[in-house]
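Okay, start_33.txt is below, compact mmCIF, C-alpha atoms:
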# COMPACT_ATOMS: atom_id res chain seq x y z
CA MET C 159 90.08 129.38 77.06
CA THR C 160 92.91 128.80 74.62
CA THR C 161 94.33 125.32 74.17
CA SER C 162 97.87 126.71 74.18
CA GLU C 163 100.05 125.30 76.93
CA LEU C 164 101.23 127.96 79.38
CA TRP C 165 105.00 128.29 79.49
CA SER C 166 106.26 128.37 83.06
CA ARG C 167 108.76 130.66 84.75
CA ALA C 168 111.39 127.92 84.75
CA VAL C 169 111.03 127.44 80.98
CA ALA C 170 111.09 131.20 80.39
CA GLU C 171 114.27 131.68 82.42
CA ARG C 172 116.24 129.13 80.41
CA TYR C 173 114.60 129.73 77.02
CA ASP C 174 117.15 132.13 75.54
CA ALA C 175 120.12 130.07 76.74
CA GLU C 176 118.71 126.93 75.13
CA GLU C 177 117.92 128.67 71.83
CA THR C 178 121.37 130.06 71.10
CA GLY C 179 121.22 128.90 67.48
CA MET C 180 117.96 130.73 66.87
CA ASN C 181 119.45 133.83 68.52
CA SER C 182 122.47 133.87 66.21
CA ALA C 183 123.11 136.67 63.73
CA ALA C 184 122.94 134.11 60.92
CA VAL C 185 119.30 133.40 61.80
CA LEU C 186 118.12 136.78 63.09
CA GLY C 187 119.72 138.88 60.35
CA PRO C 188 117.66 137.47 57.44
CA THR C 189 114.55 137.24 59.67
CA VAL C 190 114.65 140.91 60.64
CA ASP C 191 115.53 141.96 57.07
CA PHE C 192 112.51 140.07 55.71
CA LEU C 193 110.07 141.44 58.27
CA ALA C 194 111.37 145.02 58.17
CA GLY C 195 110.96 145.04 54.41
CA LEU C 196 107.30 144.04 54.73
CA ALA C 197 106.57 146.46 57.59
CA GLY C 198 107.87 149.43 55.61
CA ASP C 199 106.95 152.65 57.40
CA GLY C 200 104.13 150.97 59.37
CA ARG C 201 103.83 149.19 62.70
CA ALA C 202 104.43 145.47 63.30
CA LEU C 203 102.58 143.16 65.68
CA GLU C 204 104.12 139.87 66.80
CA PHE C 205 101.79 137.12 67.99
CA ALA C 206 103.41 134.97 70.71
CA ILE C 207 106.30 137.42 71.06
CA GLY C 208 107.87 135.36 73.86
CA THR C 209 111.14 136.74 75.20
CA GLY C 210 111.49 139.14 72.27
CA ARG C 211 113.96 137.09 70.22
CA VAL C 212 112.69 138.70 67.01
CA GLY C 213 110.62 141.63 68.26
CA VAL C 214 113.46 143.37 70.08
CA PRO C 215 115.95 143.43 67.16
CA LEU C 216 113.13 144.40 64.79
CA ARG C 217 112.34 147.35 67.06
CA GLU C 218 116.04 148.22 67.16
CA ARG C 219 115.92 148.29 63.35
CA GLY C 220 113.46 151.18 63.67
CA VAL C 221 110.16 149.33 63.16
CA PRO C 222 107.54 150.14 65.84
CA VAL C 223 106.69 146.72 67.35
CA ALA C 224 103.96 145.56 69.71
CA GLY C 225 103.29 142.04 70.92
CA ILE C 226 100.77 139.57 72.27
CA GLU C 227 102.05 136.90 74.68
CA TYR C 228 100.15 134.25 76.62
CA SER C 229 102.90 133.53 79.17
CA GLU C 230 103.56 136.27 81.71
CA PRO C 231 106.96 134.74 82.64
CA MET C 232 108.06 134.89 78.98
CA ALA C 233 106.95 138.53 78.77
CA ALA C 234 108.83 139.26 82.00
CA VAL C 235 112.07 138.12 80.36
CA LEU C 236 111.32 140.39 77.40
CA ARG C 237 110.88 143.30 79.83
CA ARG C 238 114.56 143.02 80.76
CA LYS C 239 115.38 143.88 77.15
CA ALA C 240 112.79 146.56 76.35
CA ASP C 241 110.36 148.58 78.46
CA GLU C 242 106.62 148.93 77.85
CA GLU C 243 106.95 152.26 76.09
CA THR C 244 109.54 150.89 73.69
CA LEU C 245 107.77 147.60 73.00
CA PRO C 246 104.21 147.31 74.41
CA VAL C 247 102.92 143.78 75.10
CA VAL C 248 99.37 142.60 75.76
CA ILE C 249 99.09 139.45 77.88
CA GLY C 250 96.55 137.19 76.22
CA ASP C 251 95.63 134.57 73.65
CA MET C 252 96.93 135.36 70.15
CA ALA C 253 93.69 134.07 68.62
CA ARG C 254 91.56 136.61 70.49
CA ALA C 255 93.56 139.33 72.26
CA THR C 256 93.68 142.73 70.59
CA VAL C 257 96.22 145.55 70.52
CA PRO C 258 95.17 149.19 69.96
CA GLY C 259 95.80 150.67 66.53
CA GLU C 260 96.46 149.24 63.09
CA PHE C 261 99.47 147.44 61.68
CA SER C 262 101.06 146.98 58.29
CA LEU C 263 102.52 143.65 59.45
CA VAL C 264 101.40 140.86 61.78
CA TYR C 265 103.75 137.90 62.14
CA LEU C 266 104.20 134.55 63.87
CA VAL C 267 107.64 132.92 63.91
CA TYR C 268 109.26 129.64 64.90
CA ASN C 269 106.18 127.38 64.57
CA THR C 270 104.16 129.23 67.20
CA ILE C 271 100.81 128.94 65.43
CA SER C 272 101.11 125.22 66.19
CA ASN C 273 100.73 126.08 69.90
CA LEU C 274 97.02 126.44 69.14
CA LEU C 275 95.86 122.83 69.30
CA THR C 276 92.58 123.04 67.37
CA GLN C 277 91.81 124.01 63.81
CA ASP C 278 89.13 126.42 65.01
CA GLU C 279 91.63 128.36 67.10
CA GLN C 280 94.11 128.50 64.25
CA VAL C 281 91.37 129.92 62.00
CA GLU C 282 90.61 132.51 64.71
CA CYS C 283 94.30 133.41 64.78
CA PHE C 284 94.13 134.27 61.08
CA ARG C 285 90.97 136.29 61.68
CA ASN C 286 92.66 138.13 64.54
CA ALA C 287 95.60 138.98 62.32
CA ALA C 288 93.24 140.30 59.64
CA ARG C 289 91.45 142.47 62.22
CA HIS C 290 94.70 144.20 63.11
CA LEU C 291 95.94 144.76 59.56
CA VAL C 292 95.48 147.88 57.47
CA PRO C 293 94.29 147.28 53.87
CA GLY C 294 97.32 146.04 51.97
CA GLY C 295 98.97 144.77 55.18
CA ARG C 296 100.60 141.35 55.48
CA PHE C 297 100.37 138.36 57.79
CA VAL C 298 103.53 136.22 57.97
CA ILE C 299 103.93 132.74 59.42
CA GLU C 300 107.06 130.60 59.82
CA LEU C 301 106.09 126.94 60.18
CA GLY C 302 107.67 123.55 59.67
CA VAL C 303 106.31 121.15 57.07
CA PRO C 304 105.12 117.99 58.85
CA PRO C 305 107.84 115.34 58.26
CA LEU C 306 105.34 112.55 57.76
CA ARG C 307 107.24 111.12 54.80
CA LEU C 308 109.86 110.01 57.33
CA LEU C 309 107.33 107.75 59.07
CA PRO C 310 107.50 104.14 57.83
CA PRO C 311 104.36 102.04 58.32
CA GLY C 312 103.67 101.48 62.01
CA GLN C 313 106.10 104.12 63.28
CA VAL C 314 104.94 107.28 65.06
CA ALA C 315 108.24 108.90 66.09
CA VAL C 316 110.78 111.02 64.15
CA PRO C 317 114.07 112.22 65.73
CA PHE C 318 115.06 115.82 64.98
CA ASP C 319 118.18 116.19 67.13
CA VAL C 320 120.66 113.66 68.46
CA SER C 321 123.63 115.37 70.10
CA ALA C 322 125.75 115.12 73.23
CA GLU C 323 123.64 117.70 75.07
CA HIS C 324 120.18 117.10 73.66
CA LEU C 325 117.95 114.34 72.34
CA GLY C 326 114.79 115.43 70.57
CA PHE C 327 112.06 113.54 68.76
CA ASP C 328 108.47 114.13 67.71
CA THR C 329 105.61 111.66 68.04
CA PHE C 330 102.51 112.01 65.87
CA ASP C 331 98.79 111.49 66.29
CA LEU C 332 97.85 111.28 62.61
CA VAL C 333 94.12 111.45 63.28
CA GLU C 334 94.06 114.62 65.39
CA GLN C 335 97.06 116.26 63.61
CA ILE C 336 98.87 116.57 66.94
CA LEU C 337 102.59 116.15 67.41
CA VAL C 338 104.38 116.03 70.73
CA SER C 339 107.96 117.28 70.83
CA HIS C 340 109.99 115.34 73.40
CA HIS C 341 113.23 116.84 74.71
CA LEU C 342 115.92 115.26 76.87
CA THR C 343 118.46 117.95 77.74
CA ARG C 344 121.69 117.39 79.66
CA ASP C 345 121.31 119.52 82.78
CA GLY C 346 124.51 120.18 84.67
CA GLU C 347 127.80 118.29 84.91
CA ASP C 348 126.46 115.19 86.64
CA GLY C 349 125.19 113.71 83.37
CA ARG C 350 121.53 113.88 84.30
CA TYR C 351 118.94 114.72 81.67
CA ARG C 352 115.94 116.99 82.11
CA ARG C 353 112.84 115.99 80.18
CA ASN C 354 110.11 118.24 78.87
CA ASP C 355 107.39 117.76 76.27
CA SER C 356 105.21 120.16 74.31
CA ARG C 357 102.12 119.58 72.18
CA HIS C 358 101.50 121.16 68.80
CA ARG C 359 98.90 120.98 66.04
CA TYR C 360 100.62 120.62 62.69
CA ALA C 361 99.09 121.97 59.50
CA TRP C 362 100.00 121.79 55.83
CA PRO C 363 100.61 124.96 53.79
CA ALA C 364 97.43 124.35 51.78
CA GLU C 365 95.40 124.17 55.00
CA LEU C 366 96.83 127.51 56.12
CA ASP C 367 95.93 129.02 52.73
CA LEU C 368 92.31 128.01 53.31
CA MET C 369 92.40 129.54 56.80
CA ALA C 370 93.70 132.72 55.22
CA ARG C 371 90.87 132.75 52.67
CA ILE C 372 88.34 132.35 55.49
CA ALA C 373 89.90 135.42 57.12
CA GLY C 374 89.80 137.41 53.89
CA LEU C 375 93.53 137.20 53.17
CA GLU C 376 95.27 136.24 49.93
CA LEU C 377 98.52 134.29 49.52
CA GLU C 378 101.19 136.63 48.20
CA ARG C 379 104.41 134.66 48.60
CA ARG C 380 105.80 131.42 50.01
CA VAL C 381 109.52 130.70 50.42
CA ALA C 382 111.57 128.04 52.17
CA ASP C 383 113.47 130.36 54.52
CA TRP C 384 113.99 133.97 55.49
CA ASP C 385 116.66 134.35 52.83
CA GLY C 386 113.98 133.95 50.16
CA SER C 387 115.12 130.54 48.90
CA PRO C 388 112.43 128.79 46.82
CA PHE C 389 109.87 126.58 48.52
CA VAL C 390 110.08 123.13 46.89
CA HIS C 391 108.72 119.64 47.41
CA ASP C 392 111.27 118.65 50.04
CA SER C 393 111.49 121.95 51.97
CA SER C 394 111.40 121.32 55.71
CA LYS C 395 109.63 124.61 56.53
CA HIS C 396 108.04 127.61 54.88
CA ILE C 397 107.68 131.33 55.33
CA SER C 398 104.25 132.30 54.01
CA VAL C 399 102.96 135.82 53.39
CA TRP C 400 99.26 136.60 53.03
CA ARG C 401 97.97 140.04 52.11
CA LYS C 402 94.82 141.86 53.17
CA PRO C 403 93.26 143.27 49.99
CA ALA C 404 93.48 147.03 49.68
Entire entry expressed as structure tokens:
Amino acid sequence: MTTSELWSRAVAERYDAEETGMNSAAVLGPTVDFLAGLAGDGRALEFAIGTGRVGVPLRERGVPVAGIEYSEPMAAVLRRKADEETLPVVIGDMARATVPGEFSLVYLVYNTISNLLTQDEQVECFRNAARHLVPGGRFVIELGVPPLRLLPPGQVAVPFDVSAEHLGFDTFDLVEQILVSHHLTRDGEDGRYRRNDSRHRYAWPAELDLMARIAGLELERRVADWDGSPFVHDSSKHISVWRKPA
């Protein structure tokens, strides 16, 4: 059994509405450009495809896309956007589930590898990506850099959003490399807040590089964002590309 938490129907139904920023053209345009360039004339496989935020526009760009998704309710939302023939999806664990055929690109966006809560499962995710890739194919991950420098001695919480409609902060277990994202979202006009939490295993870029080496992949490129900006010491996230040797 995977350690990933199963996203419910209620979460799936409101997911797109609550991620309007991530659905914007400013975000999706560079993301799809980056991935389409790596896919070339081949097929792309998205691990944890969710509601199809990236997979659907990438398919509309002309790249054949398939997906793996653990949450049936999330996949059901995707189905309203694209049918099975257009964008096939396997329901299963991204560390173990397989999709028929070979791919020139496998990718994981928006921190989703952190949904796997053990190092072993994250290693298996890399191995699963390598199994699906043709020689010369690429595995791409988008992941935040743990903001541990923001933690003064004795503090375990870091806020990431303080706005009129949403309060968000992460708490850290520094021994187990687990962070919990806490969200308080204004729900309706009566001023009430809805709370939900999600657990994640954070990992440093160097740790991911070692996972890639275990899976037989080689680091090809690391940038700070989909626009190709350089990854530097204070970058808050990275887009990493590993290549399967030809």
Residues within 10 Å of Phe318 (chain C), only C-alpha atoms, excluding chain neighbours under 5 positions, as a VMD selection string: chain C and resid 305 325 to 328 339 to 341
File dump, residues just selected, C-alpha atoms, as an mmCIF file, keeping the file's coordinate frame:
data_model
loop_
_atom_site.group_PDB
_atom_site.id
_atom_site.type_symbol
_atom_site.label_atom_id
_atom_site.label_comp_id
_atom_site.auth_asym_id
_atom_site.auth_seq_id
_atom_site.Cartn_x
_atom_site.Cartn_y
_atom_site.Cartn_z
ATOM 1 C CA PRO C 305 107.840 115.340 58.260
ATOM 2 C CA LEU C 325 117.950 114.340 72.340
ATOM 3 C CA GLY C 326 114.790 115.430 70.570
ATOM 4 C CA PHE C 327 112.060 113.540 68.760
ATOM 5 C CA ASP C 328 108.470 114.130 67.710
ATOM 6 C CA SER C 339 107.960 117.280 70.830
ATOM 7 C CA HIS C 340 109.990 115.340 73.400
ATOM 8 C CA HIS C 341 113.230 116.840 74.710
#
CA of Thr276 (chain C) to CA of Ala373 (chain C), straight-line distance in Å: 16.3 Å
Contacts of Ser393 (chain C) at 10 Å or less, counting all atoms listed in the file, minus same-chain residues fewer than 3 places along, as an MDAnalysis selection string? chainID C and resid 302:303 305 381:383 387:390 396
Identify, on the basis of only C-alpha atoms, every residue whose closest approach to Met180 (chain C) does not exceed 12 Å; exclude the query and any residue fewer than 3 positions from it along the same chain; express the result as a short mmCIF file (atom, residue, chain, number, x, y, z; two decimals) with C-alpha atoms, keeping the file's coordinate frame.
data_model
loop_
_atom_site.label_atom_id
_atom_site.label_comp_id
_atom_site.auth_asym_id
_atom_site.auth_seq_id
_atom_site.Cartn_x
_atom_site.Cartn_y
_atom_site.Cartn_z
CA TYR C 173 114.60 129.73 77.02
CA ASP C 174 117.15 132.13 75.54
CA ALA C 175 120.12 130.07 76.74
CA GLU C 176 118.71 126.93 75.13
CA GLU C 177 117.92 128.67 71.83
CA ALA C 183 123.11 136.67 63.73
CA ALA C 184 122.94 134.11 60.92
CA VAL C 185 119.30 133.40 61.80
CA LEU C 186 118.12 136.78 63.09
CA GLY C 187 119.72 138.88 60.35
CA PRO C 188 117.66 137.47 57.44
CA THR C 189 114.55 137.24 59.67
CA GLY C 210 111.49 139.14 72.27
CA ARG C 211 113.96 137.09 70.22
CA VAL C 212 112.69 138.70 67.01
CA VAL C 267 107.64 132.92 63.91
CA TYR C 268 109.26 129.64 64.90
#
Of the candidates C:Leu301, C:Ala197, C:Ala234, C:Leu308, which shows the shortest atom-to-atom distance to Lys395 (chain C), using only C-alpha atoms? C:Leu301
What does the structure give for the distance between CA of Asp191 (chain C) and CA of Glu376 (chain C), in Å to one decimal? 22.2 Å
With 6 Å on each side, where is the centre of the axis-aligned box around all listed atoms of region 180-198 of chain C, and how long are its edges in Å to one decimal, as JSON?
{"center_x": 114.8, "center_y": 140.1, "center_z": 61.5, "size_x": 28.5, "size_y": 30.7, "size_z": 26.1}
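Applying the 9 Å criterion to (97.0, 136.3, 76.8) in file coordinates and using all atoms listed in the file, one obtains the residues Thr160, Ala206, Ile226, Glu227, Tyr228, Ser229, Glu230, Val248, Ile249, Gly250, Asp251, Met252, Arg254 and Ala255 of chain C.
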Can those selected residues be exported to a file as a CSV table (one decimal), in the coordinates of the input so that it contains C-alpha atoms?
chain,number,residue,atom,x,y,z
C,160,THR,CA,92.9,128.8,74.6
C,206,ALA,CA,103.4,135.0,70.7
C,226,ILE,CA,100.8,139.6,72.3
C,227,GLU,CA,102.0,136.9,74.7
C,228,TYR,CA,100.2,134.2,76.6
C,229,SER,CA,102.9,133.5,79.2
C,230,GLU,CA,103.6,136.3,81.7
C,248,VAL,CA,99.4,142.6,75.8
C,249,ILE,CA,99.1,139.4,77.9
C,250,GLY,CA,96.6,137.2,76.2
C,251,ASP,CA,95.6,134.6,73.6
C,252,MET,CA,96.9,135.4,70.2
C,254,ARG,CA,91.6,136.6,70.5
C,255,ALA,CA,93.6,139.3,72.3
